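Participant: Sharing input_5.cif (mmCIF, C-alpha atoms) below.
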data_upload
loop_
_atom_site.label_atom_id
_atom_site.label_comp_id
_atom_site.auth_asym_id
_atom_site.auth_seq_id
_atom_site.Cartn_x
_atom_site.Cartn_y
_atom_site.Cartn_z
CA MET A 1032 -12.22 -12.59 -9.83
CA ALA A 1033 -12.17 -15.03 -6.91
CA ASP A 1034 -9.49 -17.35 -5.60
CA SER A 1035 -9.84 -19.88 -2.78
CA GLY A 1036 -6.34 -19.62 -1.39
CA SER A 1037 -4.97 -19.67 2.14
CA GLN A 1038 -8.41 -20.69 3.49
CA ILE A 1039 -9.69 -17.30 2.30
CA GLU A 1040 -12.01 -16.69 -0.61
CA TRP A 1041 -10.03 -13.83 -2.11
CA VAL A 1042 -11.88 -11.48 -4.43
CA TYR A 1043 -9.61 -9.28 -6.45
CA ARG A 1044 -9.10 -7.32 -9.64
CA ALA A 1045 -5.96 -7.77 -11.71
CA SER A 1046 -4.46 -6.47 -14.93
CA GLN A 1047 -1.48 -8.09 -16.61
CA PRO A 1048 0.51 -6.57 -19.49
CA ASP A 1049 0.76 -8.39 -22.79
CA GLY A 1050 3.43 -11.04 -22.93
CA SER A 1051 4.51 -13.93 -20.77
CA GLY A 1052 6.31 -11.99 -18.04
CA PRO A 1053 7.17 -12.32 -15.30
CA PHE A 1054 6.19 -8.73 -14.55
CA PRO A 1055 6.91 -6.48 -11.58
CA VAL A 1056 3.92 -6.32 -9.25
CA ILE A 1057 1.98 -3.36 -7.91
CA LEU A 1058 -0.28 -4.32 -5.01
CA LEU A 1059 -3.18 -1.87 -4.60
CA LEU A 1060 -4.72 -1.73 -1.12
CA HIS A 1061 -8.01 0.10 -0.68
CA GLY A 1062 -9.23 2.05 2.33
CA TRP A 1063 -12.09 1.46 4.76
CA THR A 1064 -15.42 0.72 2.97
CA GLY A 1065 -13.57 0.22 -0.32
CA ASP A 1066 -13.30 -2.86 -2.51
CA GLU A 1067 -11.19 -4.34 -5.29
CA ASN A 1068 -12.27 -1.57 -7.69
CA SER A 1069 -11.60 1.42 -5.46
CA MET A 1070 -7.89 1.79 -6.21
CA TRP A 1071 -8.26 1.59 -9.97
CA VAL A 1072 -8.52 5.39 -10.12
CA PHE A 1073 -4.78 5.53 -9.43
CA THR A 1074 -3.74 3.16 -12.21
CA SER A 1075 -3.56 5.89 -14.87
CA ARG A 1076 -0.46 7.18 -13.05
CA LEU A 1077 1.17 3.78 -12.65
CA PRO A 1078 3.57 2.11 -15.11
CA ALA A 1079 1.86 0.02 -17.78
CA ASN A 1080 4.47 -2.74 -17.71
CA HIS A 1081 3.53 -3.94 -14.21
CA LEU A 1082 1.08 -6.59 -13.08
CA LEU A 1083 -1.60 -4.84 -10.99
CA ILE A 1084 -3.33 -6.75 -8.20
CA ALA A 1085 -6.11 -5.14 -6.14
CA PRO A 1086 -7.58 -7.47 -3.48
CA ARG A 1087 -10.81 -6.91 -1.59
CA GLY A 1088 -10.51 -6.40 2.18
CA LEU A 1089 -11.15 -9.40 4.39
CA TYR A 1090 -13.95 -7.96 6.54
CA PRO A 1091 -17.36 -6.64 5.39
CA VAL A 1092 -18.33 -3.25 6.82
CA SER A 1093 -21.90 -2.53 7.91
CA GLN A 1094 -21.88 0.77 6.00
CA GLY A 1095 -20.94 -1.11 2.85
CA GLY A 1096 -17.59 -2.13 1.40
CA TYR A 1097 -14.76 -3.86 3.20
CA ALA A 1098 -11.96 -3.33 5.70
CA TRP A 1099 -8.58 -4.81 6.61
CA HIS A 1100 -9.20 -5.16 10.35
CA THR A 1101 -12.27 -5.37 12.58
CA THR A 1102 -11.66 -2.73 15.27
CA HIS A 1103 -12.41 0.95 14.78
CA ASN A 1104 -11.97 2.32 18.29
CA GLY A 1105 -8.92 4.56 18.33
CA TRP A 1106 -5.87 4.04 16.18
CA PRO A 1107 -5.27 0.36 15.40
CA ASN A 1108 -1.98 -1.21 16.32
CA ILE A 1109 0.12 -3.40 14.10
CA ALA A 1110 -1.23 -6.60 15.69
CA GLN A 1111 -4.71 -5.80 14.38
CA PHE A 1112 -3.36 -5.78 10.83
CA LEU A 1113 -1.36 -8.98 11.31
CA PRO A 1114 -4.06 -11.41 10.04
CA ALA A 1115 -4.40 -9.43 6.80
CA VAL A 1116 -0.63 -9.07 6.44
CA GLU A 1117 0.00 -12.79 6.82
CA ALA A 1118 -2.93 -13.76 4.61
CA LEU A 1119 -1.59 -11.51 1.84
CA ASN A 1120 1.94 -12.78 2.33
CA GLU A 1121 0.77 -16.38 1.88
CA TRP A 1122 -1.47 -15.55 -1.10
CA LEU A 1123 0.98 -13.44 -3.12
CA VAL A 1124 3.09 -16.25 -4.54
CA PRO A 1125 3.99 -17.32 -8.11
CA ALA A 1126 1.86 -20.45 -7.85
CA ARG A 1127 -1.24 -18.24 -7.84
CA PHE A 1128 0.12 -15.50 -10.09
CA PRO A 1129 2.43 -17.18 -12.66
CA GLY A 1130 2.98 -13.88 -14.48
CA ALA A 1131 4.23 -12.10 -11.36
CA ASP A 1132 7.78 -11.23 -10.40
CA PHE A 1133 7.39 -11.01 -6.64
CA SER A 1134 11.04 -10.08 -6.23
CA GLU A 1135 9.89 -6.62 -7.29
CA MET A 1136 6.64 -5.95 -5.46
CA HIS A 1137 5.49 -2.36 -4.96
CA LEU A 1138 2.80 -1.49 -2.39
CA VAL A 1139 0.32 1.35 -2.96
CA GLY A 1140 -2.26 1.89 -0.22
CA PHE A 1141 -4.87 4.55 0.49
CA SER A 1142 -6.05 5.46 4.03
CA GLN A 1143 -6.54 2.16 5.92
CA GLY A 1144 -4.92 0.44 2.96
CA ALA A 1145 -1.87 2.66 3.48
CA ALA A 1146 -1.78 1.53 7.12
CA LEU A 1147 -1.85 -2.07 5.90
CA ALA A 1148 0.96 -1.29 3.44
CA TYR A 1149 3.00 0.16 6.32
CA ALA A 1150 2.30 -2.94 8.43
CA PHE A 1151 3.25 -5.30 5.61
CA THR A 1152 6.49 -3.40 5.06
CA LEU A 1153 7.36 -3.39 8.76
CA ILE A 1154 6.80 -7.15 9.01
CA HIS A 1155 8.02 -8.33 5.59
CA ALA A 1156 10.44 -5.63 4.44
CA GLU A 1157 12.37 -8.18 2.40
CA ARG A 1158 9.39 -8.54 0.03
CA VAL A 1159 8.81 -4.83 -0.61
CA ALA A 1160 10.51 -2.99 -3.49
CA SER A 1161 8.78 0.32 -2.76
CA LEU A 1162 6.03 1.71 -0.54
CA SER A 1163 3.47 4.39 -1.44
CA ALA A 1164 1.23 5.52 1.42
CA LEU A 1165 -1.60 7.84 0.38
CA SER A 1166 -3.58 9.66 3.10
CA GLY A 1167 -2.68 6.96 5.61
CA PHE A 1168 -1.12 6.34 9.00
CA MET A 1169 1.50 4.13 10.62
CA PRO A 1170 -0.12 1.52 12.88
CA GLU A 1171 0.43 2.00 16.59
CA ALA A 1172 3.03 0.03 18.57
CA THR A 1173 5.59 -0.02 15.81
CA ALA A 1174 9.21 -0.10 16.83
CA ASP A 1175 11.47 2.91 16.97
CA GLY A 1176 13.81 3.48 14.07
CA PRO A 1177 15.29 0.07 13.21
CA ALA A 1178 18.98 -0.53 13.78
CA ASP A 1179 19.39 -3.43 11.36
CA GLY A 1180 19.16 -1.39 8.16
CA ARG A 1181 16.22 -3.29 6.71
CA TYR A 1182 14.70 -0.10 5.23
CA LYS A 1183 17.96 1.45 4.04
CA GLY A 1184 17.50 2.67 0.46
CA LEU A 1185 13.83 1.64 0.30
CA PRO A 1186 11.90 4.06 -1.95
CA VAL A 1187 8.97 5.47 0.06
CA PHE A 1188 6.33 7.91 -1.21
CA ILE A 1189 4.05 9.53 1.37
CA THR A 1190 1.31 12.03 0.55
CA HIS A 1191 -1.25 13.73 2.75
CA GLY A 1192 -3.65 16.65 2.88
CA THR A 1193 -3.24 19.34 5.54
CA ARG A 1194 -7.06 19.59 5.80
CA ASP A 1195 -7.62 15.85 6.27
CA VAL A 1196 -10.10 15.49 9.15
CA LEU A 1197 -10.10 11.67 9.08
CA VAL A 1198 -6.36 11.11 9.40
CA PRO A 1199 -4.42 14.07 10.81
CA VAL A 1200 -1.48 15.18 8.71
CA GLU A 1201 0.79 14.69 11.72
CA ARG A 1202 0.44 10.93 11.22
CA ALA A 1203 1.99 11.20 7.76
CA ARG A 1204 4.78 13.45 9.03
CA GLN A 1205 5.59 10.93 11.75
CA ALA A 1206 5.75 8.11 9.19
CA ALA A 1207 8.00 10.15 6.92
CA GLU A 1208 10.33 10.87 9.84
CA PHE A 1209 10.41 7.19 10.84
CA PHE A 1210 11.47 6.01 7.39
CA ASP A 1211 13.85 8.90 6.86
CA GLN A 1212 15.65 8.07 10.10
CA ALA A 1213 15.71 4.41 9.04
CA GLY A 1214 17.64 5.29 5.88
CA ALA A 1215 14.82 4.96 3.36
CA GLU A 1216 14.63 7.24 0.30
CA VAL A 1217 11.55 9.24 1.30
CA THR A 1218 9.54 11.44 -1.04
CA TYR A 1219 6.95 13.46 0.88
CA CYS A 1220 4.11 15.41 -0.76
CA GLU A 1221 1.79 17.56 1.35
CA HIS A 1222 -0.95 19.85 0.01
CA ASP A 1223 -3.90 21.92 1.20
CA VAL A 1224 -6.59 19.29 0.57
CA GLY A 1225 -8.72 16.90 2.63
CA HIS A 1226 -8.71 13.10 2.67
CA LYS A 1227 -7.54 12.70 -0.91
CA LEU A 1228 -4.62 13.30 -3.24
CA SER A 1229 -4.01 16.74 -4.67
CA ALA A 1230 -3.30 17.02 -8.38
CA ALA A 1231 0.33 17.83 -7.61
CA CYS A 1232 0.75 14.77 -5.37
CA PHE A 1233 -0.98 12.63 -7.97
CA ARG A 1234 1.72 13.72 -10.42
CA GLY A 1235 4.26 13.07 -7.67
CA LEU A 1236 3.11 9.44 -7.47
CA GLU A 1237 3.66 9.05 -11.21
CA GLU A 1238 7.13 10.63 -10.99
CA PHE A 1239 7.99 8.38 -8.04
CA PHE A 1240 7.37 5.28 -10.17
CA GLN A 1241 9.23 6.77 -13.11
CA ARG A 1242 12.29 7.23 -10.88
CA SER A 1243 11.89 3.67 -9.63
CA GLU A 1244 11.88 2.35 -13.19
CA ARG A 1245 15.01 4.34 -14.05
CA ARG A 1246 16.78 2.86 -11.01
CA ASN A 1247 15.97 -0.63 -12.28
CA ASP A 1248 17.12 -0.06 -15.87
#
Kindly transcribe the structure held in the file into structure tokens.
Facilitator:
Amino acid sequence: MADSGSQIEWVYRASQPDGSGPFPVILLLHGWTGDENSMWVFTSRLPANHLLIAPRGLYPVSQGGYAWHTTHNGWPNIAQFLPAVEALNEWLVPARFPGADFSEMHLVGFSQGAALAYAFTLIHAERVASLSALSGFMPEATADGPADGRYKGLPVFITHGTRDVLVPVERARQAAEFFDQAGAEVTYCEHDVGHKLSAACFRGLEEFFQRSERRND
């Protein structure tokens, strides 16, 4: 599916439940060299009564697939994700998704997509109902623990493998500590795997959303 919005030719995959809605939104953000189909493997663990939106990254990668920023030397800082963050923020509006309830938008990102989800949350916390960061990292140059309480009570799910050679597990631990100190409700799942989710953390993602739904009942 394509959409010429915000001066960007967005390509995305979406799935809307039966009915007129509006439905809570789950935004699925793929990793480096992924595309709009890459995150669909996680949807079996996600609630069926949500509108799923999985956009393709903005920048083609020479190895194939797409990315959310253009620099791959060292750890990217939050400014490098800013164009993607603001493009998404402008695109994700009811005028383009009439069935969406953007007052309840949940972010689920893997690897570089998790970094984008962190960046979006840091910049537009008021739009985020929950954050799930899978095998990802917090962008560099983020602020120290915020004093204004913007993350207080925010449900955050972070999972990582201790044998991940692409993104060291310390990056996930640092992110968990940041949000914990900021007053978020952090669920952290760490297992002896590489750059992927373990079966136990996959179940943890499902349970995280089940708890979120119970909170909203």
Participant: Evaluated on this file, the PyMOL selection byres ((chain A and resi 1226) around 9) picks out some residues - which ones are they, written as an NGL selection string?
Facilitator: :A and (1142 or 1166 or 1191-1198 or 1224-1225 or 1227-1228)
Participant: Could you tell me which of A:Ala1131, A:Val1200, A:Leu1185, A:Leu1089 comes closest to Val1042 (chain A) if we count only C-alpha atoms?
Facilitator: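 Looking only at the distances to Val1042 (chain A), the closest residue turns out to be A:Leu1089.
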Participant: Quick one: residues within 8 Å of region 1054-1057 of chain A, all atoms listed in the file, excluding same-chain residues fewer than 5 positions away - as a ChimeraX atom specification?
Facilitator: /A:1047-1048,1080-1084,1130-1139
Participant: Measure the distance from CA of Ser1069 (chain A) to CA of Tyr1043 (chain A) in Å and round it to one decimal.
Facilitator: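 Interatomic distance here is 10.9 Å.
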Participant: Centre and edge lengths, as JSON, for the axis-aligned box enclosing every listed atom of region 1052-1062 of chain A with 5 Å of padding on each of the six sides, in Å to one decimal?
Facilitator:
{"center_x": -1.0, "center_y": -5.1, "center_z": -7.9, "size_x": 26.4, "size_y": 24.4, "size_z": 30.4}
Participant: I need the residue set behind the PyMOL selection byres ((chain A and resi 1088) around 10) for this file; please write it as a CSV table (one decimal) with C-alpha atoms, keeping the file's coordinate frame.
Facilitator:
chain,number,residue,atom,x,y,z
A,1041,TRP,CA,-10.0,-13.8,-2.1
A,1042,VAL,CA,-11.9,-11.5,-4.4
A,1043,TYR,CA,-9.6,-9.3,-6.4
A,1060,LEU,CA,-4.7,-1.7,-1.1
A,1061,HIS,CA,-8.0,0.1,-0.7
A,1062,GLY,CA,-9.2,2.0,2.3
A,1063,TRP,CA,-12.1,1.5,4.8
A,1064,THR,CA,-15.4,0.7,3.0
A,1065,GLY,CA,-13.6,0.2,-0.3
A,1066,ASP,CA,-13.3,-2.9,-2.5
A,1067,GLU,CA,-11.2,-4.3,-5.3
A,1085,ALA,CA,-6.1,-5.1,-6.1
A,1086,PRO,CA,-7.6,-7.5,-3.5
A,1087,ARG,CA,-10.8,-6.9,-1.6
A,1089,LEU,CA,-11.2,-9.4,4.4
A,1090,TYR,CA,-14.0,-8.0,6.5
A,1091,PRO,CA,-17.4,-6.6,5.4
A,1092,VAL,CA,-18.3,-3.2,6.8
A,1096,GLY,CA,-17.6,-2.1,1.4
A,1097,TYR,CA,-14.8,-3.9,3.2
A,1098,ALA,CA,-12.0,-3.3,5.7
A,1099,TRP,CA,-8.6,-4.8,6.6
A,1100,HIS,CA,-9.2,-5.2,10.4
A,1115,ALA,CA,-4.4,-9.4,6.8
A,1144,GLY,CA,-4.9,0.4,3.0
Participant: So how many Å separate CA of Gln1094 (chain A) and CA of Leu1119 (chain A), to one decimal?
Facilitator: 24.1 Å
Participant: Calculated over all atoms listed in the file, which of the candidates A:Leu1147, A:Ala1118, A:Ala1206, A:Val1187 has the smallest distance to Glu1040 (chain A)?
Facilitator: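 Closest candidate: A:Ala1118.
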Participant: Could you check how far CA of Gly1052 (chain A) sits from CA of Ala1126 (chain A), in Å to one decimal?
Facilitator: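 According to the coordinates, CA of Gly1052 (chain A) and CA of Ala1126 (chain A) are separated by 14.0 Å.
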Participant: I'd like the residues picked by the PyMOL selection byres ((chain A and resi 1160-1163) around 9) written out as a PyMOL selection string, using the chain letters and numbers from the file.
Facilitator: chain A and resi 1134-1141+1145+1148-1149+1152+1156-1159+1164-1165+1185-1190+1236+1239+1243
Participant: Between A:Pro1129, A:Pro1107, A:Glu1121, A:Arg1181, which is the closest to Phe1168 (chain A) once you count all atoms listed in the file?
Facilitator: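 Smallest separation from Phe1168 (chain A) among the options: A:Pro1107.
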Participant: Could you check which of A:Thr1218, A:Asn1120, A:Ser1046, A:Asn1068 is closest to Arg1242 (chain A), using only C-alpha atoms?
Facilitator: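 Looking only at the distances to Arg1242 (chain A), the closest residue turns out to be A:Thr1218.
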Participant: Taking only C-alpha atoms into account, which of A:Pro1199, A:Gly1167, A:Gly1095, A:Gly1180 comes nearest Ala1146 (chain A)?
Facilitator: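 Closest to Ala1146 (chain A) of all the choices is A:Gly1167.
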Participant: Determine the nearest neighbour of Thr1101 (chain A) from the options A:Leu1113, A:Cys1220, A:Leu1058, A:Leu1123, counting all atoms listed in the file.
Facilitator: A:Leu1113
Participant: For Pro1078 (chain A), work out the shell of residues within 8 Å, counting only C-alpha atoms and skipping chain neighbours fewer than 5 positions away, then give it as a list of chain:residue names.
Facilitator: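 Contacts, with the query itself left out: A:Glu1237, A:Phe1240, A:Gln1241.
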Participant: Hey, could you patch up region 1089-1107 of chain A with N, CA and C atoms and hand it over as a compact mmCIF listing (two decimals), in the frame of the given file?
Facilitator:
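Produced file part.txt, reproduced below:
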# COMPACT_ATOMS: atom_id res chain seq x y z
N LEU A 1089 -10.69 -8.13 3.84
CA LEU A 1089 -11.15 -9.40 4.39
C LEU A 1089 -12.47 -9.29 5.15
N TYR A 1090 -12.83 -8.09 5.61
CA TYR A 1090 -13.95 -7.96 6.54
C TYR A 1090 -15.03 -7.03 6.00
N PRO A 1091 -16.27 -7.52 5.82
CA PRO A 1091 -17.36 -6.64 5.39
C PRO A 1091 -17.63 -5.56 6.44
N VAL A 1092 -18.01 -4.39 5.96
CA VAL A 1092 -18.33 -3.25 6.82
C VAL A 1092 -19.82 -2.99 6.74
N SER A 1093 -20.45 -2.71 7.87
CA SER A 1093 -21.90 -2.53 7.91
C SER A 1093 -22.36 -1.38 7.02
N GLN A 1094 -21.52 -0.37 6.86
CA GLN A 1094 -21.88 0.77 6.00
C GLN A 1094 -21.74 0.44 4.51
N GLY A 1095 -21.22 -0.72 4.22
CA GLY A 1095 -20.94 -1.11 2.85
C GLY A 1095 -19.44 -1.17 2.61
N GLY A 1096 -19.00 -1.99 1.68
CA GLY A 1096 -17.59 -2.13 1.40
C GLY A 1096 -16.89 -3.04 2.39
N TYR A 1097 -15.57 -2.92 2.44
CA TYR A 1097 -14.76 -3.86 3.20
C TYR A 1097 -13.62 -3.15 3.93
N ALA A 1098 -13.05 -3.87 4.89
CA ALA A 1098 -11.96 -3.33 5.70
C ALA A 1098 -10.87 -4.38 5.86
N TRP A 1099 -9.73 -3.93 6.42
CA TRP A 1099 -8.58 -4.81 6.61
C TRP A 1099 -8.39 -5.23 8.06
N HIS A 1100 -9.18 -4.70 8.96
CA HIS A 1100 -9.20 -5.16 10.35
C HIS A 1100 -10.59 -4.89 10.90
N THR A 1101 -10.89 -5.39 12.08
CA THR A 1101 -12.27 -5.37 12.58
C THR A 1101 -12.53 -4.34 13.67
N THR A 1102 -11.49 -3.67 14.16
CA THR A 1102 -11.66 -2.73 15.27
C THR A 1102 -11.54 -1.31 14.78
N HIS A 1103 -12.46 -0.45 15.21
CA HIS A 1103 -12.41 0.95 14.78
C HIS A 1103 -12.49 1.90 15.96
N ASN A 1104 -12.03 1.45 17.12
CA ASN A 1104 -11.97 2.32 18.29
C ASN A 1104 -10.52 2.78 18.48
N GLY A 1105 -10.27 4.05 18.22
CA GLY A 1105 -8.92 4.56 18.33
C GLY A 1105 -8.06 4.12 17.15
N TRP A 1106 -6.78 4.41 17.25
CA TRP A 1106 -5.87 4.04 16.18
C TRP A 1106 -5.45 2.58 16.33
N PRO A 1107 -5.62 1.78 15.29
CA PRO A 1107 -5.27 0.36 15.40
C PRO A 1107 -3.77 0.16 15.51
